[in-house]
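Novice: So that we are looking at the same thing, I have put the structure below in structure tokens.
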Amino acid sequence: MSRVKDLQKYVHKVLKGMDDNQKRAAAIAHLHGVSLAAVMIAKKRDENAELAAMAGLLHDLYAYKNGSYEDHAYKGAEYARKVLDELRLTSEEETDIICSAIWHHDNKGEIDSLMDEVLKDADVIHHSLGDPTKEVKPHEQARYERLCAEFGFIG
């Protein structure tokens, strides 16, 4: 089995602990949506698509597990490190790359490492295109417009 599939199994096991079926379905859709978008972006930018997929799957798992978005990026990065260490799916360097992306993913106005940017952009794509009836979040607008230009979307 692939590392991504192993991680998906773990993520689904964690999300089974959510009592609210609608919130669990939304969590699954968001984590998988961001993971898929991260793979597409990583492939276009010649980055590691497997690590991007893993970062996408883990990026909000802490918040869903604990029901709180307070400092979720920072706490989520620490939680992701524990998960990856427990599952032994990644090298120390790969874990650092994934956890850095998770740590920085909420800072949409800043530019960080290449993989950090992949995850931020994947999160924005899912927020902005996951429900086309919703307005783009103001703090994601500039990033969304850059993504539209990069991928040839009509904003």
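FYI, nothing fancy with the structure tokens labels: chains A, B, ... in order, residues from 1 per chain, ligands from 1 as they appear.
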Kindly assemble as JSON lines a list of the segment 53-74 of chain A residues that lie within 10 Å of segment 19-42 of chain A, each paired with its nearest atom pair and their distance in Å to one decimal, using only C-alpha atoms, sorted first by chain and then by ascending residue number.

Specialist:
```
{"residue": "A:Ala53", "atom": "CA", "partner": "A:Ser35", "partner_atom": "CA", "distance": 4.5}
{"residue": "A:Met54", "atom": "CA", "partner": "A:Ser35", "partner_atom": "CA", "distance": 6.9}
{"residue": "A:Ala55", "atom": "CA", "partner": "A:Ser35", "partner_atom": "CA", "distance": 7.1}
{"residue": "A:Gly56", "atom": "CA", "partner": "A:Ser35", "partner_atom": "CA", "distance": 3.9}
{"residue": "A:Leu57", "atom": "CA", "partner": "A:Leu31", "partner_atom": "CA", "distance": 4.9}
{"residue": "A:Leu58", "atom": "CA", "partner": "A:Leu31", "partner_atom": "CA", "distance": 7.2}
{"residue": "A:His59", "atom": "CA", "partner": "A:Leu31", "partner_atom": "CA", "distance": 7.4}
{"residue": "A:Asp60", "atom": "CA", "partner": "A:Leu31", "partner_atom": "CA", "distance": 7.1}
{"residue": "A:Leu61", "atom": "CA", "partner": "A:Leu31", "partner_atom": "CA", "distance": 7.7}
{"residue": "A:Ala63", "atom": "CA", "partner": "A:Ala27", "partner_atom": "CA", "distance": 9.6}
{"residue": "A:Tyr64", "atom": "CA", "partner": "A:Ala27", "partner_atom": "CA", "distance": 6.8}
{"residue": "A:Lys65", "atom": "CA", "partner": "A:Ala27", "partner_atom": "CA", "distance": 9.7}
{"residue": "A:Gly67", "atom": "CA", "partner": "A:Lys23", "partner_atom": "CA", "distance": 9.9}
```

Novice: Grab the residues selected above and save them as a PDB file, in the first residue's frame with N, CA, C and O atoms.

Specialist:
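File again-v1.pdb, as written:
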```
ATOM      1  N   ALA A  53       0.350  15.751  -1.063  1.00  0.00           N
ATOM      2  CA  ALA A  53      -0.881  15.022  -0.741  1.00  0.00           C
ATOM      3  C   ALA A  53      -0.979  14.769   0.757  1.00  0.00           C
ATOM      4  O   ALA A  53      -2.047  14.944   1.364  1.00  0.00           O
ATOM      5  N   MET A  54       0.128  14.384   1.355  1.00  0.00           N
ATOM      6  CA  MET A  54       0.132  14.091   2.790  1.00  0.00           C
ATOM      7  C   MET A  54      -0.112  15.353   3.615  1.00  0.00           C
ATOM      8  O   MET A  54      -0.875  15.331   4.588  1.00  0.00           O
ATOM      9  N   ALA A  55       0.494  16.454   3.213  1.00  0.00           N
ATOM     10  CA  ALA A  55       0.280  17.725   3.915  1.00  0.00           C
ATOM     11  C   ALA A  55      -1.187  18.128   3.816  1.00  0.00           C
ATOM     12  O   ALA A  55      -1.784  18.576   4.801  1.00  0.00           O
ATOM     13  N   GLY A  56      -1.779  17.964   2.648  1.00  0.00           N
ATOM     14  CA  GLY A  56      -3.182  18.293   2.468  1.00  0.00           C
ATOM     15  C   GLY A  56      -4.092  17.464   3.354  1.00  0.00           C
ATOM     16  O   GLY A  56      -5.047  17.973   3.940  1.00  0.00           O
ATOM     17  N   LEU A  57      -3.791  16.179   3.472  1.00  0.00           N
ATOM     18  CA  LEU A  57      -4.605  15.303   4.314  1.00  0.00           C
ATOM     19  C   LEU A  57      -4.513  15.666   5.787  1.00  0.00           C
ATOM     20  O   LEU A  57      -5.475  15.478   6.537  1.00  0.00           O
ATOM     21  N   LEU A  58      -3.368  16.174   6.209  1.00  0.00           N
ATOM     22  CA  LEU A  58      -3.140  16.440   7.630  1.00  0.00           C
ATOM     23  C   LEU A  58      -3.394  17.885   8.045  1.00  0.00           C
ATOM     24  O   LEU A  58      -3.500  18.166   9.242  1.00  0.00           O
ATOM     25  N   HIS A  59      -3.501  18.809   7.108  1.00  0.00           N
ATOM     26  CA  HIS A  59      -3.393  20.230   7.448  1.00  0.00           C
ATOM     27  C   HIS A  59      -4.440  20.736   8.439  1.00  0.00           C
ATOM     28  O   HIS A  59      -4.147  21.612   9.235  1.00  0.00           O
ATOM     29  N   ASP A  60      -5.647  20.224   8.427  1.00  0.00           N
ATOM     30  CA  ASP A  60      -6.683  20.662   9.378  1.00  0.00           C
ATOM     31  C   ASP A  60      -7.158  19.524  10.281  1.00  0.00           C
ATOM     32  O   ASP A  60      -8.151  19.683  10.997  1.00  0.00           O
ATOM     33  N   LEU A  61      -6.472  18.413  10.256  1.00  0.00           N
ATOM     34  CA  LEU A  61      -6.928  17.251  11.035  1.00  0.00           C
ATOM     35  C   LEU A  61      -6.999  17.560  12.521  1.00  0.00           C
ATOM     36  O   LEU A  61      -7.951  17.156  13.203  1.00  0.00           O
ATOM     37  N   ALA A  63      -7.693  20.385  13.974  1.00  0.00           N
ATOM     38  CA  ALA A  63      -8.886  21.204  14.235  1.00  0.00           C
ATOM     39  C   ALA A  63     -10.145  20.344  14.220  1.00  0.00           C
ATOM     40  O   ALA A  63     -11.017  20.498  15.074  1.00  0.00           O
ATOM     41  N   TYR A  64     -10.240  19.445  13.255  1.00  0.00           N
ATOM     42  CA  TYR A  64     -11.414  18.571  13.191  1.00  0.00           C
ATOM     43  C   TYR A  64     -11.455  17.613  14.382  1.00  0.00           C
ATOM     44  O   TYR A  64     -12.518  17.377  14.950  1.00  0.00           O
ATOM     45  N   LYS A  65     -10.323  17.111  14.761  1.00  0.00           N
ATOM     46  CA  LYS A  65     -10.254  16.159  15.879  1.00  0.00           C
ATOM     47  C   LYS A  65     -10.644  16.827  17.193  1.00  0.00           C
ATOM     48  O   LYS A  65     -11.325  16.235  18.028  1.00  0.00           O
ATOM     49  N   GLY A  67     -12.143  20.021  17.455  1.00  0.00           N
ATOM     50  CA  GLY A  67     -13.275  20.931  17.364  1.00  0.00           C
ATOM     51  C   GLY A  67     -12.928  22.388  17.566  1.00  0.00           C
ATOM     52  O   GLY A  67     -13.786  23.189  17.923  1.00  0.00           O
TER      53      GLY A  67
END
```

Novice: Assign secondary structure with DSSP using the backbone only, and return the residues of chain A in alpha helix (DSSP H) as number ranges by chain.

Specialist: A: 3-15, 21-44, 49-58, 61-66, 72-87, 92-104, 114-129, 141-151

Novice: How many Å separate atom CA of Glu86 of chain A from atom CA of Val14 of chain A?

Specialist: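 Distance reported for this atom pair: 13.8 Å.
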
Novice: Pick out the residues sitting within 7 Å of segment 97-110 of chain A, and hand them over as a ChimeraX atom specification; count only C-alpha atoms, and ignore anything fewer than 5 positions along from it in its own chain.

Specialist: /A:51,55,59,73-74,76-77,80-81,115-116,119-120,140

Novice: Just the residues within 12 Å of Glu145 of chain A, please, counting only C-alpha atoms, with nothing from its chain fewer than 2 positions along; format it as JSON, numbers by chain.

Specialist: {"A": [121, 124, 125, 128, 136, 137, 138, 139, 140, 141, 142, 143, 147, 148, 149, 150, 151, 152, 153, 154, 155]}
